[in-house]
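Engineer: Got a structure for you, entry_24.cif, holding mmCIF, C-alpha atoms.
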data_final
loop_
_atom_site.label_atom_id
_atom_site.label_comp_id
_atom_site.auth_asym_id
_atom_site.auth_seq_id
_atom_site.Cartn_x
_atom_site.Cartn_y
_atom_site.Cartn_z
CA MET Y 305 -62.82 82.38 -68.43
CA ALA Y 306 -60.21 83.44 -65.89
CA GLY Y 307 -60.26 79.93 -64.39
CA VAL Y 308 -59.75 78.32 -67.79
CA LEU Y 309 -56.85 80.68 -68.51
CA ALA Y 310 -55.24 79.86 -65.16
CA VAL Y 311 -55.49 76.12 -65.84
CA ALA Y 312 -53.97 76.61 -69.30
CA LEU Y 313 -51.08 78.60 -67.89
CA LEU Y 314 -50.39 75.99 -65.23
CA ALA Y 315 -50.60 73.02 -67.59
CA PRO Y 316 -47.20 71.54 -68.50
CA ALA Y 317 -45.90 72.53 -71.89
CA PRO Y 318 -45.72 69.66 -74.40
CA PHE Y 319 -42.28 68.14 -74.88
CA ALA Y 320 -40.36 69.06 -78.01
CA PRO Y 321 -39.21 65.83 -79.68
CA GLU Y 322 -35.93 64.66 -78.15
CA TYR Y 323 -33.93 61.66 -79.30
CA VAL Y 324 -31.29 59.87 -77.23
CA ALA Y 325 -29.07 57.24 -78.88
CA LEU Y 326 -27.50 54.66 -76.59
CA GLY Y 327 -25.44 51.55 -77.16
CA ASP Y 328 -22.18 50.04 -78.36
CA SER Y 329 -20.03 50.29 -81.48
CA TYR Y 330 -22.84 49.14 -83.78
CA ALA Y 331 -24.81 52.18 -82.59
CA SER Y 332 -21.87 54.59 -82.44
CA GLY Y 333 -20.96 53.84 -86.03
CA ALA Y 334 -17.54 52.22 -85.65
CA GLY Y 335 -16.58 51.02 -89.10
CA ALA Y 336 -18.48 53.75 -90.94
CA GLY Y 337 -15.79 56.46 -90.88
CA SER Y 338 -16.24 60.23 -90.45
CA TYR Y 339 -15.75 60.03 -86.70
CA VAL Y 340 -16.82 62.98 -84.58
CA ASP Y 341 -15.57 61.34 -81.37
CA GLY Y 342 -12.47 59.19 -81.69
CA SER Y 343 -12.56 57.51 -78.28
CA CYS Y 344 -16.15 56.29 -78.68
CA ARG Y 345 -15.89 56.02 -82.48
CA ARG Y 346 -19.07 58.00 -83.01
CA SER Y 347 -19.65 58.50 -86.71
CA SER Y 348 -21.66 61.11 -88.55
CA ASN Y 349 -22.70 58.17 -90.78
CA ALA Y 350 -24.16 56.13 -87.90
CA TYR Y 351 -27.87 55.38 -87.89
CA PRO Y 352 -28.44 57.57 -84.80
CA ALA Y 353 -26.75 60.53 -86.50
CA LEU Y 354 -28.97 60.07 -89.55
CA GLN Y 355 -32.11 59.80 -87.42
CA GLY Y 356 -31.02 62.67 -85.19
CA LYS Y 357 -31.28 65.14 -88.07
CA GLU Y 358 -35.05 64.94 -87.70
CA PHE Y 359 -35.08 66.00 -84.04
CA PRO Y 360 -34.64 69.48 -82.54
CA SER Y 361 -32.88 67.86 -79.59
CA PHE Y 362 -30.49 64.94 -80.14
CA LYS Y 363 -28.11 63.31 -77.67
CA PHE Y 364 -25.68 60.86 -79.26
CA VAL Y 365 -23.94 59.00 -76.43
CA ALA Y 366 -23.45 55.49 -77.85
CA CYS Y 367 -19.86 54.37 -77.39
CA SER Y 368 -17.68 51.63 -78.83
CA GLY Y 369 -16.98 48.89 -76.31
CA ALA Y 370 -20.11 49.49 -74.24
CA THR Y 371 -21.76 46.61 -72.41
CA THR Y 372 -24.97 46.45 -70.40
CA LYS Y 373 -22.79 46.82 -67.30
CA SER Y 374 -20.99 49.97 -68.51
CA LEU Y 375 -24.02 52.01 -69.61
CA LYS Y 376 -24.23 54.02 -66.40
CA SER Y 377 -22.75 57.18 -67.90
CA GLN Y 378 -24.91 56.88 -71.01
CA LEU Y 379 -28.04 56.52 -68.89
CA ARG Y 380 -27.59 60.07 -67.65
CA ALA Y 381 -28.66 61.31 -71.11
CA PRO Y 382 -32.35 60.25 -71.24
CA THR Y 383 -34.79 62.30 -69.14
CA PRO Y 384 -38.58 62.63 -68.78
CA ALA Y 385 -38.39 65.08 -71.71
CA THR Y 386 -36.99 62.40 -74.04
CA THR Y 387 -39.45 61.12 -76.64
CA LEU Y 388 -37.33 58.48 -78.42
CA VAL Y 389 -34.52 56.20 -77.21
CA THR Y 390 -32.71 53.74 -79.46
CA ILE Y 391 -30.16 51.17 -78.37
CA THR Y 392 -28.03 48.36 -79.75
CA ILE Y 393 -26.34 46.49 -76.90
CA GLY Y 394 -25.37 42.99 -75.83
CA GLY Y 395 -22.68 41.91 -78.27
CA ASN Y 396 -19.81 43.00 -76.05
CA ASP Y 397 -21.35 41.23 -73.07
CA LEU Y 398 -20.73 38.03 -75.02
CA GLY Y 399 -17.11 39.01 -75.73
CA PHE Y 400 -17.55 40.07 -79.36
CA VAL Y 401 -13.90 41.10 -79.83
CA ASP Y 402 -12.49 37.97 -78.17
CA VAL Y 403 -14.80 35.73 -80.18
CA LEU Y 404 -13.68 37.29 -83.48
CA THR Y 405 -10.02 37.26 -82.43
CA THR Y 406 -10.22 33.57 -81.52
CA CYS Y 407 -11.96 32.67 -84.75
CA THR Y 408 -9.49 34.69 -86.83
CA LEU Y 409 -6.29 33.40 -85.24
CA GLN Y 410 -7.18 29.84 -84.25
CA GLY Y 411 -8.71 26.76 -85.85
CA ASP Y 412 -12.29 25.63 -86.32
CA ALA Y 413 -12.44 23.72 -83.04
CA SER Y 414 -11.20 26.64 -80.94
CA CYS Y 415 -13.55 29.00 -82.71
CA HIS Y 416 -16.48 26.66 -82.12
CA ARG Y 417 -15.71 26.37 -78.41
CA ARG Y 418 -15.47 30.14 -77.99
CA VAL Y 419 -18.69 30.72 -79.92
CA GLU Y 420 -20.51 28.10 -77.84
CA LYS Y 421 -19.31 29.82 -74.67
CA ALA Y 422 -20.75 33.09 -75.96
CA ARG Y 423 -24.04 31.41 -76.88
CA GLN Y 424 -24.30 29.89 -73.41
CA PHE Y 425 -23.80 33.32 -71.88
CA ALA Y 426 -26.52 34.70 -74.16
CA ARG Y 427 -28.95 32.08 -72.91
CA ASP Y 428 -28.05 32.10 -69.23
CA GLN Y 429 -26.93 35.59 -68.26
CA LEU Y 430 -27.74 38.12 -70.96
CA PRO Y 431 -31.56 38.10 -70.52
CA ALA Y 432 -31.35 39.46 -66.96
CA ARG Y 433 -28.80 42.06 -68.02
CA LEU Y 434 -31.02 43.24 -70.86
CA ASP Y 435 -34.08 43.33 -68.60
CA ALA Y 436 -32.22 45.56 -66.14
CA THR Y 437 -30.94 47.80 -68.94
CA TYR Y 438 -34.31 48.35 -70.57
CA SER Y 439 -35.93 48.90 -67.17
CA ALA Y 440 -33.36 51.57 -66.32
CA ILE Y 441 -33.98 53.33 -69.63
CA LYS Y 442 -37.74 53.35 -69.14
CA ALA Y 443 -37.33 54.68 -65.61
CA ALA Y 444 -35.09 57.51 -66.83
CA ALA Y 445 -37.27 58.30 -69.86
CA PRO Y 446 -40.83 57.29 -68.97
CA ASN Y 447 -42.35 59.28 -71.84
CA ALA Y 448 -40.08 57.90 -74.54
CA GLU Y 449 -40.60 55.18 -77.11
CA LEU Y 450 -37.83 52.61 -76.66
CA VAL Y 451 -36.58 51.02 -79.88
CA VAL Y 452 -34.10 48.14 -79.66
CA LEU Y 453 -32.10 47.38 -82.79
CA GLY Y 454 -30.46 43.99 -83.12
CA TYR Y 455 -27.36 42.72 -84.90
CA PRO Y 456 -26.94 41.27 -88.40
CA ARG Y 457 -25.38 37.96 -89.29
CA LEU Y 458 -21.80 38.73 -90.24
CA PHE Y 459 -21.65 36.53 -93.32
CA THR Y 460 -23.78 35.99 -96.38
CA GLN Y 461 -24.62 32.29 -96.65
CA VAL Y 462 -22.86 31.70 -99.98
CA ASP Y 463 -20.13 34.24 -100.60
CA GLY Y 464 -16.90 32.39 -101.42
CA CYS Y 465 -15.28 34.19 -98.51
CA ARG Y 466 -11.77 33.09 -97.57
CA THR Y 467 -11.39 35.34 -94.53
CA LEU Y 468 -12.73 32.54 -92.29
CA SER Y 469 -13.63 28.92 -92.98
CA THR Y 470 -17.15 27.85 -93.85
CA THR Y 471 -17.42 26.19 -90.43
CA LYS Y 472 -16.38 29.34 -88.60
CA ARG Y 473 -18.75 31.52 -90.61
CA GLY Y 474 -21.60 29.15 -89.86
CA ASP Y 475 -20.86 29.16 -86.14
CA LEU Y 476 -20.71 32.95 -86.03
CA ASN Y 477 -23.96 33.33 -87.95
CA ASP Y 478 -25.68 30.83 -85.63
CA ALA Y 479 -24.50 32.86 -82.67
CA ALA Y 480 -25.91 36.02 -84.25
CA ASP Y 481 -29.27 34.29 -84.62
CA GLU Y 482 -29.29 33.20 -81.00
CA LEU Y 483 -28.30 36.67 -79.83
CA SER Y 484 -31.05 38.21 -81.94
CA GLY Y 485 -33.62 35.89 -80.38
CA VAL Y 486 -32.54 36.72 -76.84
CA ILE Y 487 -32.61 40.46 -77.52
CA ALA Y 488 -35.99 40.29 -79.25
CA GLU Y 489 -37.54 38.44 -76.31
CA ALA Y 490 -36.11 40.90 -73.80
CA ALA Y 491 -37.37 43.84 -75.85
CA GLY Y 492 -40.80 42.26 -75.88
CA ARG Y 493 -40.80 41.85 -72.10
CA ALA Y 494 -39.91 45.54 -71.77
CA GLY Y 495 -42.66 46.68 -74.12
CA ALA Y 496 -40.03 48.03 -76.52
CA ARG Y 497 -40.09 47.87 -80.30
CA TYR Y 498 -37.53 45.48 -81.72
CA VAL Y 499 -35.95 46.06 -85.12
CA ASP Y 500 -34.44 42.92 -86.64
CA VAL Y 501 -31.81 43.82 -89.27
CA ARG Y 502 -30.77 40.30 -90.27
CA GLU Y 503 -32.95 40.15 -93.36
CA ALA Y 504 -31.77 43.55 -94.56
CA PHE Y 505 -28.14 42.39 -94.37
CA ALA Y 506 -28.79 38.89 -95.75
CA ASP Y 507 -27.05 39.49 -99.09
CA HIS Y 508 -24.58 42.07 -97.81
CA GLY Y 509 -22.36 40.32 -95.27
CA VAL Y 510 -18.58 40.24 -95.14
CA CYS Y 511 -17.18 39.26 -98.59
CA ALA Y 512 -20.54 39.64 -100.35
CA ARG Y 513 -20.57 41.35 -103.73
CA GLU Y 514 -21.82 44.51 -102.02
CA PRO Y 515 -20.66 44.15 -98.41
CA TRP Y 516 -22.31 46.27 -95.75
CA ILE Y 517 -20.02 44.85 -93.07
CA ASN Y 518 -16.25 45.31 -93.06
CA ALA Y 519 -13.91 42.36 -93.26
CA LEU Y 520 -10.63 42.41 -91.32
CA VAL Y 521 -9.42 45.97 -91.98
CA ASN Y 522 -7.07 48.60 -90.64
CA PRO Y 523 -7.79 49.99 -88.09
CA THR Y 524 -8.85 46.66 -86.65
CA ALA Y 525 -11.49 48.36 -84.46
CA ASP Y 526 -13.48 48.88 -87.68
CA SER Y 527 -13.38 45.17 -88.55
CA TYR Y 528 -16.64 43.20 -88.62
CA HIS Y 529 -18.72 46.35 -88.16
CA PRO Y 530 -21.23 47.92 -90.54
CA ASN Y 531 -19.71 50.31 -93.06
CA ARG Y 532 -21.44 53.45 -94.23
CA ALA Y 533 -23.92 51.51 -96.39
CA GLY Y 534 -24.61 49.21 -93.45
CA GLN Y 535 -25.46 52.13 -91.21
CA VAL Y 536 -27.84 53.42 -93.89
CA ALA Y 537 -29.47 49.99 -93.84
CA TYR Y 538 -29.88 50.28 -90.06
CA PHE Y 539 -31.43 53.73 -90.50
CA LYS Y 540 -33.87 52.46 -93.14
CA ALA Y 541 -34.87 49.52 -90.94
CA LEU Y 542 -35.47 51.88 -88.04
CA THR Y 543 -37.48 54.46 -89.95
CA SER Y 544 -39.43 52.12 -92.24
CA ARG Y 545 -41.07 50.53 -89.22
CA SER Y 546 -41.92 53.84 -87.57
CA ARG Y 547 -43.63 55.48 -90.54
#
Starting from the file, lay out its structure as structure tokens.

Structural biologist:
Amino acid sequence: MAGVLAVALLAPAPFAPEYVALGDSYASGAGAGSYVDGSCRRSSNAYPALQGKEFPSFKFVACSGATTKSLKSQLRAPTPATTLVTITIGGNDLGFVDVLTTCTLQGDASCHRRVEKARQFARDQLPARLDATYSAIKAAAPNAELVVLGYPRLFTQVDGCRTLSTTKRGDLNDAADELSGVIAEAAGRAGARYVDVREAFADHGVCAREPWINALVNPTADSYHPNRAGQVAYFKALTSRSR
């Protein structure tokens, strides 16, 4: 009996559930308002903040503008005690802001060239960056489930939108599809769970009757990002596949 008691006392205590949220502006909640951190545009309406309510320990370190190359500071948050890590990352590696700026201010041909450049980067360079990112997360949090959430198409297929031409909207949606495929494949290689949000947003793009993504708005940093309803859609996609 004494030996059993000694073993029990020496056994490691089970981890209390801990959630760490990593990523870029789509994870921080830029565009959804109610910011709790202005520099990183972390929103109390963001999908990590909604999910974090269910965890006794929650670290929300996602930051607007983050790329796979700038995640070093965020990667200090996950530890062996972490039980869940979520991340949305990769869009800024492709130059998300520059792509949207080009397509907003210039013609169809310039937009197409910039989008194609981003798609080429997604095919040629992003896979290795994502592999390294997911590997670093799993090394820092070996006991955690890693969930990778993708990006929606920005535009509903038929929406009568005049913000950008039909050609530009098609190019941007095609790029979103390619990016989603690259991220999904990398998540699979890492043994992570991938959450595809494109179908959820299919009828709720920019200029849709019920848009879940902002059009060009003020402040411009909120443009082409999920609004509060869009972040709820992210949260539902995340939790519906884990229950």

Engineer: Under the rule that all atoms listed in the file are counted, which of Y:Trp516, Y:Tyr498, Y:Tyr351, Y:Tyr323 is the nearest residue to Y:Tyr528?

Structural biologist: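 Looking only at the distances to Y:Tyr528, the closest residue turns out to be Y:Trp516.
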
Engineer: Separation of atom CA of Y:Cys344 and atom CA of Y:Ala480, in Å?

Structural biologist: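 Atom CA of Y:Ala480 lies at a distance of 23.2 Å from atom CA of Y:Cys344.
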
Engineer: Please expand the PyMOL selection byres ((chain Y and resi 497) around 10) into the concrete residues it hits in this file, giving the result as number ranges by chain.

Structural biologist: Y: 390, 449-453, 488, 491-492, 494-496, 498-500, 542, 545-546

Engineer: Contacts of stretch 404-414 of chain Y at 8 Å or less, counting all atoms listed in the file, minus same-chain residues fewer than 5 places along, as an MDAnalysis selection string?

Structural biologist: chainID Y and resid 467:469 471:472

Engineer: Quick one: write out the picked residues with C-alpha atoms as a PDB file, keeping the file's coordinate frame?

Structural biologist:
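Saved file again37.pdb follows:
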ATOM      1  CA  THR Y 467     -11.390  35.340 -94.530  1.00  0.00           C
ATOM      2  CA  LEU Y 468     -12.730  32.540 -92.290  1.00  0.00           C
ATOM      3  CA  SER Y 469     -13.630  28.920 -92.980  1.00  0.00           C
ATOM      4  CA  THR Y 471     -17.420  26.190 -90.430  1.00  0.00           C
ATOM      5  CA  LYS Y 472     -16.380  29.340 -88.600  1.00  0.00           C
TER       6      LYS Y 472
END

Engineer: Apply the PyMOL selection byres ((chain Y and resi 361) around 9) to the file shown and report the selected residues as a PyMOL selection string.

Structural biologist: chain Y and resi 320-324+356+358-360+362-363+386

Engineer: Save the residues we just selected, C-alpha atoms, as an mmCIF file, keeping the file's coordinate frame?

Structural biologist:
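The resulting file, again.cif, is reproduced below:
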data_model
loop_
_atom_site.group_PDB
_atom_site.id
_atom_site.type_symbol
_atom_site.label_atom_id
_atom_site.label_comp_id
_atom_site.auth_asym_id
_atom_site.auth_seq_id
_atom_site.Cartn_x
_atom_site.Cartn_y
_atom_site.Cartn_z
ATOM 1 C CA ALA Y 320 -40.360 69.060 -78.010
ATOM 2 C CA PRO Y 321 -39.210 65.830 -79.680
ATOM 3 C CA GLU Y 322 -35.930 64.660 -78.150
ATOM 4 C CA TYR Y 323 -33.930 61.660 -79.300
ATOM 5 C CA VAL Y 324 -31.290 59.870 -77.230
ATOM 6 C CA GLY Y 356 -31.020 62.670 -85.190
ATOM 7 C CA GLU Y 358 -35.050 64.940 -87.700
ATOM 8 C CA PHE Y 359 -35.080 66.000 -84.040
ATOM 9 C CA PRO Y 360 -34.640 69.480 -82.540
ATOM 10 C CA PHE Y 362 -30.490 64.940 -80.140
ATOM 11 C CA LYS Y 363 -28.110 63.310 -77.670
ATOM 12 C CA THR Y 386 -36.990 62.400 -74.040
#

Engineer: Quick one: residues within 8 Å of stretch 504-509 of chain Y, only C-alpha atoms, excluding same-chain residues fewer than 5 positions away - as an MDAnalysis selection string?

Structural biologist: chainID Y and resid 456:461 514:517 534 537 541

Engineer: What do you get, as a list of chain:residue names, if you spell out every residue that the PyMOL selection byres ((chain Y and resi 438-443) around 9) selects here?

Structural biologist: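 Expected selection for the PyMOL selection byres ((chain Y and resi 438-443) around 9) here is Y:Leu379, Y:Pro382, Y:Thr383, Y:Pro384, Y:Val389, Y:Arg433, Y:Leu434, Y:Asp435, Y:Ala436, Y:Thr437, Y:Ala444, Y:Ala445, Y:Pro446, Y:Asn447, Y:Ala448, Y:Glu449, Y:Leu450, Y:Ala490, Y:Ala491, Y:Ala494, Y:Ala496.
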
Engineer: What does the file look like for those residues with C-alpha atoms, as a CSV table (one decimal), in the frame of the given file?

Structural biologist:
chain,number,residue,atom,x,y,z
Y,379,LEU,CA,-28.0,56.5,-68.9
Y,382,PRO,CA,-32.4,60.2,-71.2
Y,383,THR,CA,-34.8,62.3,-69.1
Y,384,PRO,CA,-38.6,62.6,-68.8
Y,389,VAL,CA,-34.5,56.2,-77.2
Y,433,ARG,CA,-28.8,42.1,-68.0
Y,434,LEU,CA,-31.0,43.2,-70.9
Y,435,ASP,CA,-34.1,43.3,-68.6
Y,436,ALA,CA,-32.2,45.6,-66.1
Y,437,THR,CA,-30.9,47.8,-68.9
Y,444,ALA,CA,-35.1,57.5,-66.8
Y,445,ALA,CA,-37.3,58.3,-69.9
Y,446,PRO,CA,-40.8,57.3,-69.0
Y,447,ASN,CA,-42.4,59.3,-71.8
Y,448,ALA,CA,-40.1,57.9,-74.5
Y,449,GLU,CA,-40.6,55.2,-77.1
Y,450,LEU,CA,-37.8,52.6,-76.7
Y,490,ALA,CA,-36.1,40.9,-73.8
Y,491,ALA,CA,-37.4,43.8,-75.8
Y,494,ALA,CA,-39.9,45.5,-71.8
Y,496,ALA,CA,-40.0,48.0,-76.5

Engineer: May I ask for the distance between atom CA of Y:Arg423 and atom CA of Y:Ser368, given in Å to one decimal place?

Structural biologist: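 Separation of atom CA of Y:Arg423 and atom CA of Y:Ser368: 21.3 Å.
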
Engineer: Name the residues, using the chain letters and numbers of the file, that sit within 9 Å of (-14.6, 56.8, -91.5) when counting only C-alpha atoms, and give them as number ranges by chain.

Structural biologist: Y: 333-339, 347-349, 526, 531-532

Engineer: May I ask which of the residues Y:Glu489, Y:Asp402, Y:Asp475, Y:Glu420 is the closest one to Y:Ala432, counting all atoms listed in the file?

Structural biologist: Y:Glu489

Engineer: Using only C-alpha atoms, which residue out of Y:His529, Y:Lys540, Y:Arg502, Y:Arg473 lies closest to Y:Asp328?

Structural biologist: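 Result for the nearest residue to Y:Asp328: Y:His529.
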
Engineer: What does the distance between atom CA of Y:Leu520 and atom CA of Y:Thr543 come to in Å, to one decimal place?

Structural biologist: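 Separation between atom CA of Y:Leu520 and atom CA of Y:Thr543: 29.5 Å.
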
Engineer: Could you tell me which of Y:Ala381, Y:Ala422, Y:Ile487, Y:Cys367 comes closest to Y:Gly399 if we count all atoms listed in the file?

Structural biologist: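 Between Y:Ala381, Y:Ala422, Y:Ile487, Y:Cys367, the residue approaching Y:Gly399 most closely is Y:Ala422.
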
Engineer: Ranking Y:Ser544, Y:Asp478, Y:Gly454, Y:Leu326 by minimum distance to Y:Ser377 and counting only C-alpha atoms, which one comes first?

Structural biologist: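 With only C-alpha atoms as the atom set, the closest residue is Y:Leu326.
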
Engineer: Missing atoms in stretch 410-420 of chain Y need filling: write out all heavy atoms for it as a PDB file, in the coordinates of the input.

Structural biologist:
ATOM      1  N   GLN Y 410      -7.261  31.257 -84.615  1.00  0.00           N
ATOM      2  CA  GLN Y 410      -7.180  29.840 -84.250  1.00  0.00           C
ATOM      3  C   GLN Y 410      -8.056  28.990 -85.174  1.00  0.00           C
ATOM      4  O   GLN Y 410      -8.733  29.507 -86.064  1.00  0.00           O
ATOM      5  CB  GLN Y 410      -7.587  29.654 -82.785  1.00  0.00           C
ATOM      6  CG  GLN Y 410      -6.673  30.435 -81.821  1.00  0.00           C
ATOM      7  CD  GLN Y 410      -6.995  30.171 -80.372  1.00  0.00           C
ATOM      8  OE1 GLN Y 410      -7.393  29.072 -79.995  1.00  0.00           O
ATOM      9  NE2 GLN Y 410      -6.810  31.185 -79.527  1.00  0.00           N
ATOM     10  N   GLY Y 411      -8.025  27.688 -84.965  1.00  0.00           N
ATOM     11  CA  GLY Y 411      -8.710  26.760 -85.850  1.00  0.00           C
ATOM     12  C   GLY Y 411     -10.200  26.654 -85.597  1.00  0.00           C
ATOM     13  O   GLY Y 411     -10.757  27.291 -84.694  1.00  0.00           O
ATOM     14  N   ASP Y 412     -10.834  25.793 -86.397  1.00  0.00           N
ATOM     15  CA  ASP Y 412     -12.290  25.630 -86.320  1.00  0.00           C
ATOM     16  C   ASP Y 412     -12.745  25.190 -84.937  1.00  0.00           C
ATOM     17  O   ASP Y 412     -13.757  25.687 -84.412  1.00  0.00           O
ATOM     18  CB  ASP Y 412     -12.755  24.599 -87.346  1.00  0.00           C
ATOM     19  CG  ASP Y 412     -12.687  25.110 -88.779  1.00  0.00           C
ATOM     20  OD1 ASP Y 412     -12.339  26.293 -88.975  1.00  0.00           O
ATOM     21  OD2 ASP Y 412     -12.979  24.319 -89.704  1.00  0.00           O
ATOM     22  N   ALA Y 413     -12.018  24.254 -84.329  1.00  0.00           N
ATOM     23  CA  ALA Y 413     -12.440  23.720 -83.040  1.00  0.00           C
ATOM     24  C   ALA Y 413     -12.396  24.781 -81.949  1.00  0.00           C
ATOM     25  O   ALA Y 413     -13.323  24.905 -81.132  1.00  0.00           O
ATOM     26  CB  ALA Y 413     -11.573  22.521 -82.642  1.00  0.00           C
ATOM     27  N   SER Y 414     -11.324  25.571 -81.937  1.00  0.00           N
ATOM     28  CA  SER Y 414     -11.200  26.640 -80.940  1.00  0.00           C
ATOM     29  C   SER Y 414     -12.271  27.699 -81.147  1.00  0.00           C
ATOM     30  O   SER Y 414     -12.856  28.214 -80.183  1.00  0.00           O
ATOM     31  CB  SER Y 414      -9.811  27.268 -81.014  1.00  0.00           C
ATOM     32  OG  SER Y 414      -8.813  26.337 -80.656  1.00  0.00           O
ATOM     33  N   CYS Y 415     -12.502  28.025 -82.398  1.00  0.00           N
ATOM     34  CA  CYS Y 415     -13.550  29.000 -82.710  1.00  0.00           C
ATOM     35  C   CYS Y 415     -14.904  28.487 -82.234  1.00  0.00           C
ATOM     36  O   CYS Y 415     -15.667  29.222 -81.589  1.00  0.00           O
ATOM     37  CB  CYS Y 415     -13.581  29.261 -84.221  1.00  0.00           C
ATOM     38  SG  CYS Y 415     -14.913  30.343 -84.773  1.00  0.00           S
ATOM     39  N   HIS Y 416     -15.196  27.234 -82.514  1.00  0.00           N
ATOM     40  CA  HIS Y 416     -16.480  26.660 -82.120  1.00  0.00           C
ATOM     41  C   HIS Y 416     -16.667  26.704 -80.604  1.00  0.00           C
ATOM     42  O   HIS Y 416     -17.741  27.069 -80.120  1.00  0.00           O
ATOM     43  CB  HIS Y 416     -16.593  25.217 -82.613  1.00  0.00           C
ATOM     44  CG  HIS Y 416     -17.887  24.553 -82.275  1.00  0.00           C
ATOM     45  ND1 HIS Y 416     -19.064  24.825 -82.938  1.00  0.00           N
ATOM     46  CD2 HIS Y 416     -18.194  23.639 -81.306  1.00  0.00           C
ATOM     47  CE1 HIS Y 416     -20.039  24.100 -82.408  1.00  0.00           C
ATOM     48  NE2 HIS Y 416     -19.539  23.376 -81.417  1.00  0.00           N
ATOM     49  N   ARG Y 417     -15.618  26.345 -79.871  1.00  0.00           N
ATOM     50  CA  ARG Y 417     -15.710  26.370 -78.410  1.00  0.00           C
ATOM     51  C   ARG Y 417     -15.972  27.775 -77.889  1.00  0.00           C
ATOM     52  O   ARG Y 417     -16.788  27.972 -76.979  1.00  0.00           O
ATOM     53  CB  ARG Y 417     -14.438  25.799 -77.788  1.00  0.00           C
ATOM     54  CG  ARG Y 417     -14.313  24.293 -77.881  1.00  0.00           C
ATOM     55  CD  ARG Y 417     -13.200  23.774 -76.982  1.00  0.00           C
ATOM     56  NE  ARG Y 417     -11.888  24.268 -77.392  1.00  0.00           N
ATOM     57  CZ  ARG Y 417     -11.095  23.650 -78.266  1.00  0.00           C
ATOM     58  NH1 ARG Y 417     -11.479  22.515 -78.831  1.00  0.00           N
ATOM     59  NH2 ARG Y 417      -9.895  24.150 -78.557  1.00  0.00           N
ATOM     60  N   ARG Y 418     -15.290  28.752 -78.466  1.00  0.00           N
ATOM     61  CA  ARG Y 418     -15.470  30.140 -77.990  1.00  0.00           C
ATOM     62  C   ARG Y 418     -16.858  30.660 -78.352  1.00  0.00           C
ATOM     63  O   ARG Y 418     -17.486  31.373 -77.551  1.00  0.00           O
ATOM     64  CB  ARG Y 418     -14.389  31.051 -78.598  1.00  0.00           C
ATOM     65  CG  ARG Y 418     -14.465  32.491 -78.089  1.00  0.00           C
ATOM     66  CD  ARG Y 418     -14.233  32.549 -76.593  1.00  0.00           C
ATOM     67  NE  ARG Y 418     -14.418  33.886 -76.030  1.00  0.00           N
ATOM     68  CZ  ARG Y 418     -15.578  34.364 -75.594  1.00  0.00           C
ATOM     69  NH1 ARG Y 418     -16.684  33.601 -75.666  1.00  0.00           N
ATOM     70  NH2 ARG Y 418     -15.652  35.580 -75.081  1.00  0.00           N
ATOM     71  N   VAL Y 419     -17.336  30.303 -79.514  1.00  0.00           N
ATOM     72  CA  VAL Y 419     -18.690  30.720 -79.920  1.00  0.00           C
ATOM     73  C   VAL Y 419     -19.730  30.067 -79.020  1.00  0.00           C
ATOM     74  O   VAL Y 419     -20.696  30.723 -78.590  1.00  0.00           O
ATOM     75  CB  VAL Y 419     -18.938  30.374 -81.398  1.00  0.00           C
ATOM     76  CG1 VAL Y 419     -20.416  30.563 -81.750  1.00  0.00           C
ATOM     77  CG2 VAL Y 419     -18.079  31.260 -82.307  1.00  0.00           C
ATOM     78  N   GLU Y 420     -19.550  28.791 -78.710  1.00  0.00           N
ATOM     79  CA  GLU Y 420     -20.510  28.100 -77.840  1.00  0.00           C
ATOM     80  C   GLU Y 420     -20.528  28.716 -76.447  1.00  0.00           C
ATOM     81  O   GLU Y 420     -21.589  28.803 -75.807  1.00  0.00           O
ATOM     82  CB  GLU Y 420     -20.177  26.614 -77.763  1.00  0.00           C
ATOM     83  CG  GLU Y 420     -20.550  25.849 -79.018  1.00  0.00           C
ATOM     84  CD  GLU Y 420     -22.029  25.997 -79.356  1.00  0.00           C
ATOM     85  OE1 GLU Y 420     -22.872  25.673 -78.501  1.00  0.00           O
ATOM     86  OE2 GLU Y 420     -22.338  26.452 -80.470  1.00  0.00           O
TER      87      GLU Y 420
END
